[in-house]
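Coordinates from entry29.pdb are shown below (PDB, C-alpha atoms).
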ATOM      1  CA  MET A   1       0.000   0.000   0.000
ATOM      2  CA  ARG A   2       1.345   3.435  -0.916
ATOM      3  CA  PHE A   3       1.262   6.641   1.097
ATOM      4  CA  ASP A   4       2.501  10.179   0.639
ATOM      5  CA  VAL A   5       4.507   9.933   3.856
ATOM      6  CA  ILE A   6       5.377   7.130   6.250
ATOM      7  CA  VAL A   7       6.191   8.167   9.811
ATOM      8  CA  VAL A   8       8.160   5.538  11.720
ATOM      9  CA  GLY A   9       7.637   6.037  15.453
ATOM     10  CA  GLY A  10       4.416   6.818  17.258
ATOM     11  CA  SER A  11       5.388   8.880  20.272
ATOM     12  CA  PHE A  12       5.377  12.670  20.680
ATOM     13  CA  ALA A  13       7.565  13.439  17.651
ATOM     14  CA  GLY A  14       5.994  10.951  15.254
ATOM     15  CA  LEU A  15       2.386  11.764  16.100
ATOM     16  CA  SER A  16       3.098  15.483  15.890
ATOM     17  CA  ALA A  17       4.573  15.031  12.403
ATOM     18  CA  ALA A  18       1.625  12.917  11.324
ATOM     19  CA  LEU A  19      -0.851  15.522  12.567
ATOM     20  CA  GLN A  20       0.618  18.213  10.313
ATOM     21  CA  LEU A  21       0.443  15.883   7.317
ATOM     22  CA  ALA A  22      -3.104  14.724   8.043
ATOM     23  CA  ARG A  23      -4.232  18.314   8.345
ATOM     24  CA  ALA A  24      -2.657  18.920   4.937
ATOM     25  CA  ARG A  25      -4.957  16.165   3.645
ATOM     26  CA  ARG A  26      -2.034  13.891   2.798
ATOM     27  CA  ASP A  27      -2.107  10.115   3.137
ATOM     28  CA  VAL A  28       0.141   9.358   6.085
ATOM     29  CA  LEU A  29       0.925   6.066   7.794
ATOM     30  CA  VAL A  30       2.307   5.888  11.332
ATOM     31  CA  ILE A  31       4.204   2.700  12.135
ATOM     32  CA  ASP A  32       4.521   2.235  15.879
ATOM     33  CA  ALA A  33       6.259  -0.501  17.884
ATOM     34  CA  GLY A  34       4.576   0.771  21.070
ATOM     35  CA  GLU A  35       7.782   1.309  23.076
ATOM     36  CA  PRO A  36       8.139   5.056  23.757
ATOM     37  CA  ARG A  37      11.291   5.996  25.633
ATOM     38  CA  ASN A  38       9.334   7.590  28.495
ATOM     39  CA  ARG A  39       7.114   4.548  29.101
ATOM     40  CA  PHE A  40       8.844   3.964  32.455
ATOM     41  CA  ALA A  41       7.871   7.377  33.857
ATOM     42  CA  GLU A  42       4.701   7.927  35.863
ATOM     43  CA  HIS A  43       4.270  11.543  34.800
ATOM     44  CA  SER A  44       5.485  13.942  32.128
ATOM     45  CA  HIS A  45       6.522  17.419  33.244
ATOM     46  CA  GLY A  46       7.530  20.652  31.571
ATOM     47  CA  PHE A  47       5.161  20.041  28.647
ATOM     48  CA  LEU A  48       2.941  23.119  28.515
ATOM     49  CA  GLY A  49      -0.720  22.132  28.674
ATOM     50  CA  HIS A  50       0.151  18.573  29.748
ATOM     51  CA  ASP A  51       2.281  19.136  32.855
ATOM     52  CA  GLY A  52       1.837  16.280  35.313
ATOM     53  CA  LYS A  53      -0.031  13.922  32.987
ATOM     54  CA  PRO A  54       1.110  10.312  32.576
ATOM     55  CA  PRO A  55       2.868   9.914  29.211
ATOM     56  CA  HIS A  56       0.413   7.210  28.128
ATOM     57  CA  GLN A  57      -2.471   9.638  28.724
ATOM     58  CA  ILE A  58      -0.868  12.277  26.520
ATOM     59  CA  LEU A  59      -0.396   9.674  23.795
ATOM     60  CA  ALA A  60      -3.988   8.463  24.169
ATOM     61  CA  GLU A  61      -5.276  12.007  23.732
ATOM     62  CA  ALA A  62      -3.020  12.473  20.703
ATOM     63  CA  HIS A  63      -4.378   9.262  19.159
ATOM     64  CA  GLU A  64      -7.955  10.392  19.751
ATOM     65  CA  GLN A  65      -7.253  13.644  17.944
ATOM     66  CA  LEU A  66      -5.133  12.265  15.099
ATOM     67  CA  TRP A  67      -7.331   9.410  13.952
ATOM     68  CA  ARG A  68     -10.245  11.770  13.401
ATOM     69  CA  TYR A  69      -8.471  12.681  10.165
ATOM     70  CA  PRO A  70      -9.445  10.199   7.444
ATOM     71  CA  THR A  71      -6.084  10.321   5.646
ATOM     72  CA  ALA A  72      -4.108   9.195   8.733
ATOM     73  CA  GLN A  73      -3.593   5.504   9.476
ATOM     74  CA  LEU A  74      -1.824   3.559  12.204
ATOM     75  CA  ARG A  75      -0.038   0.242  11.878
ATOM     76  CA  GLN A  76       1.183  -1.415  15.064
ATOM     77  CA  GLY A  77       4.457  -3.235  14.518
ATOM     78  CA  ARG A  78       8.200  -2.841  14.308
ATOM     79  CA  ALA A  79       9.778  -1.580  11.109
ATOM     80  CA  SER A  80      12.758  -3.797  10.366
ATOM     81  CA  THR A  81      14.047  -2.470   7.029
ATOM     82  CA  ALA A  82      13.850   0.654   4.914
ATOM     83  CA  THR A  83      15.115   0.997   1.353
ATOM     84  CA  THR A  84      15.193   3.650  -1.334
ATOM     85  CA  GLY A  85      13.962   3.272  -4.895
ATOM     86  CA  ASN A  86      13.169   5.269  -7.996
ATOM     87  CA  ASP A  87       9.661   6.029  -6.744
ATOM     88  CA  GLY A  88      10.468   6.745  -3.094
ATOM     89  CA  PHE A  89      10.904   4.465  -0.116
ATOM     90  CA  ALA A  90       9.803   1.046   1.054
ATOM     91  CA  VAL A  91       9.432   0.121   4.724
ATOM     92  CA  THR A  92       9.027  -3.513   5.746
ATOM     93  CA  LEU A  93       7.765  -4.716   9.116
ATOM     94  CA  GLU A  94       9.060  -7.715  11.039
ATOM     95  CA  ASP A  95       6.032  -9.709   9.875
ATOM     96  CA  GLY A  96       6.994  -9.089   6.242
ATOM     97  CA  THR A  97       4.324  -6.497   5.446
ATOM     98  CA  ALA A  98       5.692  -3.742   3.223
ATOM     99  CA  PHE A  99       4.544  -0.174   2.597
ATOM    100  CA  THR A 100       5.817   2.464   0.196
ATOM    101  CA  ALA A 101       5.821   6.253   0.324
ATOM    102  CA  SER A 102       7.265   9.310  -1.375
ATOM    103  CA  ARG A 103       8.734  10.628   1.890
ATOM    104  CA  LEU A 104       9.849   9.232   5.253
ATOM    105  CA  VAL A 105       9.863  10.778   8.711
ATOM    106  CA  LEU A 106      12.025   8.895  11.194
ATOM    107  CA  ALA A 107      10.872   9.435  14.774
ATOM    108  CA  THR A 108      12.442   6.204  15.919
ATOM    109  CA  GLY A 109      13.931   7.359  19.219
ATOM    110  CA  VAL A 110      16.884   6.096  21.203
ATOM    111  CA  ARG A 111      17.532   3.295  23.671
ATOM    112  CA  ASP A 112      19.093   4.024  27.058
ATOM    113  CA  GLU A 113      22.039   1.834  28.041
ATOM    114  CA  LEU A 114      21.565   1.611  31.794
ATOM    115  CA  PRO A 115      24.511   0.695  34.015
ATOM    116  CA  ALA A 116      24.491  -2.817  35.473
ATOM    117  CA  LEU A 117      23.920  -1.735  39.057
ATOM    118  CA  PRO A 118      21.703  -3.846  41.366
ATOM    119  CA  GLY A 119      18.364  -2.118  41.955
ATOM    120  CA  LEU A 120      18.695   0.501  39.228
ATOM    121  CA  THR A 121      16.606  -0.903  36.375
ATOM    122  CA  GLU A 122      13.451  -1.391  38.451
ATOM    123  CA  ARG A 123      13.612   2.254  39.569
ATOM    124  CA  TRP A 124      14.305   3.762  36.141
ATOM    125  CA  GLY A 125      11.903   6.592  35.362
ATOM    126  CA  ARG A 126      10.787   6.822  38.986
ATOM    127  CA  SER A 127      13.401   7.337  41.704
ATOM    128  CA  VAL A 128      16.228   6.973  39.166
ATOM    129  CA  ALA A 129      15.882   9.673  36.540
ATOM    130  CA  HIS A 130      17.715  11.322  33.680
ATOM    131  CA  CYS A 131      16.389  14.840  33.120
ATOM    132  CA  PRO A 132      16.146  17.272  36.052
ATOM    133  CA  TYR A 133      13.835  19.506  34.028
ATOM    134  CA  CYS A 134      11.437  16.568  33.681
ATOM    135  CA  HIS A 135      11.732  15.094  37.181
ATOM    136  CA  GLY A 136      13.757  17.426  39.399
ATOM    137  CA  TYR A 137      10.893  19.376  40.964
ATOM    138  CA  GLU A 138       9.191  16.216  42.223
ATOM    139  CA  SER A 139      12.409  14.423  43.244
ATOM    140  CA  GLU A 140      12.823  13.358  46.837
ATOM    141  CA  ALA A 141      15.946  14.640  48.541
ATOM    142  CA  PRO A 142      18.743  13.997  49.147
ATOM    143  CA  LEU A 143      19.773  13.743  45.508
ATOM    144  CA  GLY A 144      22.648  11.885  43.904
ATOM    145  CA  VAL A 145      24.359  11.886  40.524
ATOM    146  CA  LEU A 146      25.936   8.658  39.319
ATOM    147  CA  ALA A 147      28.917   9.481  37.126
ATOM    148  CA  LEU A 148      29.038   7.360  33.978
ATOM    149  CA  HIS A 149      31.372   9.629  31.992
ATOM    150  CA  PRO A 150      33.046  13.027  32.393
ATOM    151  CA  ALA A 151      29.892  14.743  31.046
ATOM    152  CA  SER A 152      28.144  13.720  34.276
ATOM    153  CA  LEU A 153      29.899  16.694  35.875
ATOM    154  CA  HIS A 154      27.569  19.021  33.943
ATOM    155  CA  GLN A 155      24.521  17.186  35.312
ATOM    156  CA  ALA A 156      25.896  17.322  38.853
ATOM    157  CA  LEU A 157      26.459  21.082  38.707
ATOM    158  CA  MET A 158      22.784  21.632  37.767
ATOM    159  CA  LEU A 159      21.188  19.441  40.447
ATOM    160  CA  PRO A 160      21.690  21.570  43.601
ATOM    161  CA  ASP A 161      18.910  23.875  42.359
ATOM    162  CA  TRP A 162      16.557  20.980  43.130
ATOM    163  CA  GLY A 163      18.064  19.808  46.418
ATOM    164  CA  PRO A 164      21.213  18.823  48.326
ATOM    165  CA  THR A 165      23.302  16.709  45.975
ATOM    166  CA  THR A 166      26.158  14.222  46.112
ATOM    167  CA  LEU A 167      28.260  13.347  43.086
ATOM    168  CA  PHE A 168      29.235   9.685  43.076
ATOM    169  CA  THR A 169      32.333   9.511  40.894
ATOM    170  CA  HIS A 170      31.961   5.710  40.838
ATOM    171  CA  GLY A 171      35.548   5.226  39.753
ATOM    172  CA  VAL A 172      34.729   6.677  36.327
ATOM    173  CA  PHE A 173      36.615   9.948  36.543
ATOM    174  CA  GLU A 174      38.341  12.192  39.055
ATOM    175  CA  PRO A 175      37.333  15.870  38.921
ATOM    176  CA  ASP A 176      40.293  18.161  38.343
ATOM    177  CA  ALA A 177      41.039  21.110  40.611
ATOM    178  CA  ALA A 178      38.881  23.527  38.625
ATOM    179  CA  SER A 179      35.950  21.097  38.605
ATOM    180  CA  LEU A 180      36.264  20.495  42.339
ATOM    181  CA  GLN A 181      36.141  24.239  42.908
ATOM    182  CA  GLN A 182      32.938  24.433  40.838
ATOM    183  CA  LEU A 183      31.408  21.560  42.786
ATOM    184  CA  ARG A 184      32.269  23.159  46.122
ATOM    185  CA  ALA A 185      30.835  26.486  44.962
ATOM    186  CA  ARG A 186      27.571  24.723  44.182
ATOM    187  CA  GLY A 187      27.550  22.997  47.579
ATOM    188  CA  LEU A 188      27.964  19.438  46.274
ATOM    189  CA  ASP A 189      29.513  16.588  48.194
ATOM    190  CA  VAL A 190      31.817  14.243  46.293
ATOM    191  CA  GLU A 191      31.804  10.513  47.111
ATOM    192  CA  ARG A 192      34.576   8.497  45.497
ATOM    193  CA  THR A 193      33.648   5.044  46.781
ATOM    194  CA  PRO A 194      31.613   3.233  44.087
ATOM    195  CA  ILE A 195      27.932   2.415  44.617
ATOM    196  CA  ALA A 196      27.335  -1.314  45.069
ATOM    197  CA  ALA A 197      23.513  -1.384  45.189
ATOM    198  CA  LEU A 198      20.380   0.738  45.478
ATOM    199  CA  LEU A 199      18.269   0.196  48.575
ATOM    200  CA  GLY A 200      14.585   0.395  49.522
ATOM    201  CA  PRO A 201      11.311  -1.071  48.253
ATOM    202  CA  ALA A 202      11.420  -0.419  44.502
ATOM    203  CA  PRO A 203      10.470   1.761  42.763
ATOM    204  CA  ARG A 204      11.124   3.893  45.860
ATOM    205  CA  LEU A 205      14.748   4.678  46.683
ATOM    206  CA  GLU A 206      15.842   5.057  50.294
ATOM    207  CA  GLY A 207      19.608   4.884  50.037
ATOM    208  CA  VAL A 208      22.677   3.359  48.426
ATOM    209  CA  ARG A 209      25.152   0.844  49.734
ATOM    210  CA  LEU A 210      28.722   1.636  48.837
ATOM    211  CA  ALA A 211      31.486  -0.810  48.009
ATOM    212  CA  ASP A 212      32.912  -0.365  51.527
ATOM    213  CA  ASP A 213      29.502  -1.318  53.027
ATOM    214  CA  ARG A 214      28.611   2.190  54.123
ATOM    215  CA  VAL A 215      24.963   3.125  53.570
ATOM    216  CA  LEU A 216      24.065   6.668  52.529
ATOM    217  CA  PRO A 217      20.471   7.957  52.496
ATOM    218  CA  LEU A 218      19.250   8.970  49.046
ATOM    219  CA  GLY A 219      15.827   9.833  47.661
ATOM    220  CA  THR A 220      16.587  10.214  43.948
ATOM    221  CA  LEU A 221      19.543   9.196  41.818
ATOM    222  CA  PHE A 222      20.165  10.990  38.538
ATOM    223  CA  VAL A 223      21.877   9.117  35.727
ATOM    224  CA  ALA A 224      22.729  10.296  32.210
ATOM    225  CA  PRO A 225      23.124   6.988  30.350
ATOM    226  CA  ARG A 226      24.689   6.594  26.962
ATOM    227  CA  THR A 227      22.182   6.009  24.181
ATOM    228  CA  THR A 228      21.998   4.062  20.949
ATOM    229  CA  MET A 229      19.573   4.234  18.057
ATOM    230  CA  ALA A 230      16.407   2.291  18.860
ATOM    231  CA  SER A 231      15.978   1.424  15.175
ATOM    232  CA  PRO A 232      18.399   0.482  12.368
ATOM    233  CA  LEU A 233      16.470   2.366   9.664
ATOM    234  CA  ALA A 234      18.572   5.549   9.589
ATOM    235  CA  ASN A 235      21.728   3.464   9.196
ATOM    236  CA  GLN A 236      20.147   1.346   6.477
ATOM    237  CA  LEU A 237      19.158   4.439   4.517
ATOM    238  CA  GLY A 238      22.642   5.926   4.775
ATOM    239  CA  CYS A 239      21.765   8.907   6.963
ATOM    240  CA  ALA A 240      24.687  10.847   8.413
ATOM    241  CA  PHE A 241      25.092  11.004  12.185
ATOM    242  CA  ASP A 242      26.613  13.455  14.636
ATOM    243  CA  ASP A 243      28.404  12.152  17.713
ATOM    244  CA  GLY A 244      27.433  13.619  21.063
ATOM    245  CA  PRO A 245      28.552  13.178  24.672
ATOM    246  CA  LEU A 246      25.933  10.488  25.270
ATOM    247  CA  GLY A 247      25.641   8.907  21.832
ATOM    248  CA  PRO A 248      24.921   9.527  18.151
ATOM    249  CA  ALA A 249      22.086  11.584  16.708
ATOM    250  CA  ILE A 250      20.773  11.616  13.146
ATOM    251  CA  ARG A 251      22.135  14.736  11.441
ATOM    252  CA  VAL A 252      19.323  17.112  10.473
ATOM    253  CA  ASP A 253      19.099  20.691   9.326
ATOM    254  CA  GLY A 254      16.814  23.363  10.740
ATOM    255  CA  ILE A 255      13.677  21.812   9.226
ATOM    256  CA  GLY A 256      14.433  18.181  10.074
ATOM    257  CA  ALA A 257      15.838  17.107   6.713
ATOM    258  CA  THR A 258      18.506  14.403   6.923
ATOM    259  CA  SER A 259      21.456  13.897   4.584
ATOM    260  CA  VAL A 260      19.282  11.546   2.497
ATOM    261  CA  PRO A 261      16.883  13.424   0.188
ATOM    262  CA  GLY A 262      13.270  12.701   1.095
ATOM    263  CA  VAL A 263      14.065  11.451   4.608
ATOM    264  CA  PHE A 264      13.287  13.647   7.592
ATOM    265  CA  ALA A 265      13.961  12.933  11.264
ATOM    266  CA  ALA A 266      12.620  14.238  14.565
ATOM    267  CA  GLY A 267      12.557  13.530  18.272
ATOM    268  CA  ASP A 268      15.221  11.996  20.467
ATOM    269  CA  ALA A 269      16.912  10.211  17.545
ATOM    270  CA  ALA A 270      17.741  13.556  15.951
ATOM    271  CA  THR A 271      18.942  15.714  18.844
ATOM    272  CA  HIS A 272      21.426  15.712  21.706
ATOM    273  CA  PHE A 273      19.007  17.608  23.977
ATOM    274  CA  THR A 274      16.003  15.401  24.598
ATOM    275  CA  HIS A 275      12.726  16.678  26.033
ATOM    276  CA  ALA A 276       9.056  15.970  25.360
ATOM    277  CA  VAL A 277       8.335  19.508  24.182
ATOM    278  CA  ARG A 278      11.345  19.498  21.869
ATOM    279  CA  ALA A 279      10.273  16.135  20.448
ATOM    280  CA  ALA A 280       6.781  17.396  19.653
ATOM    281  CA  ALA A 281       8.109  20.634  18.159
ATOM    282  CA  SER A 282      10.685  18.887  15.968
ATOM    283  CA  GLY A 283       8.009  16.438  14.817
ATOM    284  CA  ALA A 284       5.753  19.299  13.752
ATOM    285  CA  MET A 285       8.623  20.879  11.805
ATOM    286  CA  ALA A 286       9.562  17.607  10.104
ATOM    287  CA  GLY A 287       5.929  16.986   9.155
ATOM    288  CA  VAL A 288       5.591  20.444   7.637
ATOM    289  CA  ALA A 289       8.919  20.075   5.831
ATOM    290  CA  ALA A 290       7.946  16.698   4.408
ATOM    291  CA  HIS A 291       4.679  18.189   3.138
ATOM    292  CA  ARG A 292       6.418  21.194   1.573
ATOM    293  CA  SER A 293       8.866  18.892  -0.180
ATOM    294  CA  LEU A 294       5.961  17.058  -1.802
ATOM    295  CA  ILE A 295       4.801  20.354  -3.294
ATOM    296  CA  PHE A 296       7.998  22.211  -4.072
ATOM    297  CA  GLY A 297      10.484  19.393  -4.427
ATOM    298  CA  LEU A 298      13.424  18.363  -2.308
ATOM    299  CA  ALA A 299      15.474  21.435  -3.191
ATOM    300  CA  ALA A 300      12.903  23.844  -1.716
TER     301      ALA A 300
END

Since I need it in another form, could you write the structure as structure tokens?
Amino acid sequence: MRFDVIVVGGSFAGLSAALQLARARRDVLVIDAGEPRNRFAEHSHGFLGHDGKPPHQILAEAHEQLWRYPTAQLRQGRASTATTGNDGFAVTLEDGTAFTASRLVLATGVRDELPALPGLTERWGRSVAHCPYCHGYESEAPLGVLALHPASLHQALMLPDWGPTTLFTHGVFEPDAASLQQLRARGLDVERTPIAALLGPAPRLEGVRLADDRVLPLGTLFVAPRTTMASPLANQLGCAFDDGPLGPAIRVDGIGATSVPGVFAAGDAATHFTHAVRAAASGAMAGVAAHRSLIFGLAA
């Protein structure tokens, strides 16, 4: 079956792109594997008009609004391959079903590579969080930052605005003299003994046990994990990537166009600063850009 545009990814970025295209009366297919990155979080914050809502509720409301448009369709499933051809693009699902379109919007997201620390996975998105702008206001103090790489220093320097904070260097890096001065100026404690386990009835966090068997009270642990692409499609299509401190991102210009003509990208897969509002905004831009390219051509 052929569409004007196929959007791969059905979270905030993908649905936002599809909405612009449906309102332009274009045939658009959303392919969704049903695994949004924020599915582990109880609430979404900092999203104007939706602050405090569970992410699944925001998505449900988006679905209710989007499928009112007769030219928009949803296909549940995981896209396994994408190829280019003389007449556009073909996307094939894991079950072998194939669809074609003149344009693609990749809103495929990223996958977090969580550290192998006992008690961390079951608290992810609750008492173990990534973004202080998303979760900091509601976080229970005292706060901690688990260093996974030198860039964790940046996260640690932000956190005292939300509560008393300890930086756990975890044997990953030793702050230099200038960094230690910054940490002291922000009132942070520095703990060099690695964390051995997270304590308390999950998903609640009550403390951490260190490698020397000391137990420190802790209400929230912030972690900035490295990320990988959640889908192979951008690689298969030959899209260029930019390396960032936490992982790669699909290279896009100001309107969401990738290095491959006719392929647009939005959301967490196409930025190094991830946030629900940014995902929705970039999806809207990519949807508009894909529509304009259908009218004016790829050079417009």

Item to check | Target residues per the PyMOL selection byres ((chain A and resi 233) around 9), formatted as a list of chain:residue names | outcome: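 Applying the expression gives A:Ala79, A:Ser80, A:Thr81, A:Ala82, A:Thr83, A:Val91, A:Leu106, A:Thr108, A:Ser231, A:Pro232, A:Ala234, A:Asn235, A:Gln236, A:Leu237, A:Gly238, A:Cys239.
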
Next on the checklist: Set the distance at 12 Å and use all atoms listed in the file: which residues neighbour Gly10 (chain A) once local chain neighbours fewer than 5 positions away are removed? I'd like the list as a PyMOL selection string.
Outcome noted: chain A and resi 15-19+29-37+56+58-60+62-63+66+73-79+105-109+266-267+279-280+283

Checklist entry - What is the distance between CA of Gly247 (chain A) and CA of Thr228 (chain A), in Å to one decimal? => result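 Between these atoms lies a distance of 6.1 Å.
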
Next on the checklist: Please expand the PyMOL selection byres ((chain A and resi 263) around 8) into the concrete residues it hits in this file, giving the result as a VMD selection string.
Outcome noted: chain A and resid 103 to 106 257 to 262 264 to 265

Item to check | Picked residues, the PyMOL selection byres ((chain A and resi 48) around 12), expected as a PyMOL selection string | outcome: chain A and resi 44-47+49-53+58+134+275-278+280-281

Checklist entry - What gap, in Å, lies between CA of Ser139 (chain A) and CA of Thr121 (chain A)? => result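 These two atoms are separated by 17.3 Å.
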
Next on the checklist: One decimal, in Å: what's the spacing between CA of Ile295 (chain A) and CA of Arg251 (chain A)?
Outcome noted: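 One can read the CA of Ile295 (chain A) to CA of Arg251 (chain A) distance as 23.4 Å.
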
Residue completion, region 2-17 of chain A, N, CA, C and O atoms, as a short mmCIF file (atom, residue, chain, number, x, y, z; two decimals), in the coordinates of the input:
data_model
loop_
_atom_site.label_atom_id
_atom_site.label_comp_id
_atom_site.auth_asym_id
_atom_site.auth_seq_id
_atom_site.Cartn_x
_atom_site.Cartn_y
_atom_site.Cartn_z
N ARG A 2 0.51 2.25 -0.76
CA ARG A 2 1.34 3.44 -0.92
C ARG A 2 0.74 4.64 -0.20
O ARG A 2 -0.47 4.84 -0.19
N PHE A 3 1.65 5.43 0.38
CA PHE A 3 1.26 6.64 1.10
C PHE A 3 2.11 7.81 0.61
O PHE A 3 3.17 7.62 -0.02
N ASP A 4 1.66 9.01 0.91
CA ASP A 4 2.50 10.18 0.64
C ASP A 4 3.71 10.17 1.57
O ASP A 4 4.84 10.40 1.14
N VAL A 5 3.44 9.91 2.85
CA VAL A 5 4.51 9.93 3.86
C VAL A 5 4.30 8.78 4.82
O VAL A 5 3.18 8.51 5.26
N ILE A 6 5.38 8.10 5.16
CA ILE A 6 5.38 7.13 6.25
C ILE A 6 6.15 7.74 7.40
O ILE A 6 7.28 8.22 7.23
N VAL A 7 5.54 7.73 8.58
CA VAL A 7 6.19 8.17 9.81
C VAL A 7 6.50 6.92 10.62
O VAL A 7 5.59 6.16 10.98
N VAL A 8 7.76 6.69 10.92
CA VAL A 8 8.16 5.54 11.72
C VAL A 8 8.41 6.02 13.14
O VAL A 8 9.35 6.79 13.39
N GLY A 9 7.56 5.60 14.06
CA GLY A 9 7.64 6.04 15.45
C GLY A 9 6.38 6.76 15.85
O GLY A 9 6.01 7.76 15.21
N GLY A 10 5.71 6.26 16.89
CA GLY A 10 4.42 6.82 17.26
C GLY A 10 4.36 7.45 18.63
O GLY A 10 3.34 7.35 19.31
N SER A 11 5.44 8.13 19.02
CA SER A 11 5.39 8.88 20.27
C SER A 11 5.21 10.36 19.96
O SER A 11 4.65 10.71 18.92
N PHE A 12 5.68 11.25 20.82
CA PHE A 12 5.38 12.67 20.68
C PHE A 12 5.84 13.25 19.34
O PHE A 12 5.12 14.00 18.69
N ALA A 13 7.05 12.89 18.90
CA ALA A 13 7.56 13.44 17.65
C ALA A 13 6.82 12.88 16.45
O ALA A 13 6.39 13.63 15.55
N GLY A 14 6.64 11.57 16.40
CA GLY A 14 5.99 10.95 15.25
C GLY A 14 4.55 11.36 15.09
O GLY A 14 4.10 11.67 13.97
N LEU A 15 3.80 11.39 16.19
CA LEU A 15 2.39 11.76 16.10
C LEU A 15 2.24 13.24 15.74
O LEU A 15 1.31 13.62 15.03
N SER A 16 3.15 14.06 16.24
CA SER A 16 3.10 15.48 15.89
C SER A 16 3.36 15.69 14.40
O SER A 16 2.70 16.50 13.75
N ALA A 17 4.31 14.94 13.84
CA ALA A 17 4.57 15.03 12.40
C ALA A 17 3.36 14.57 11.61
O ALA A 17 2.95 15.21 10.63
#
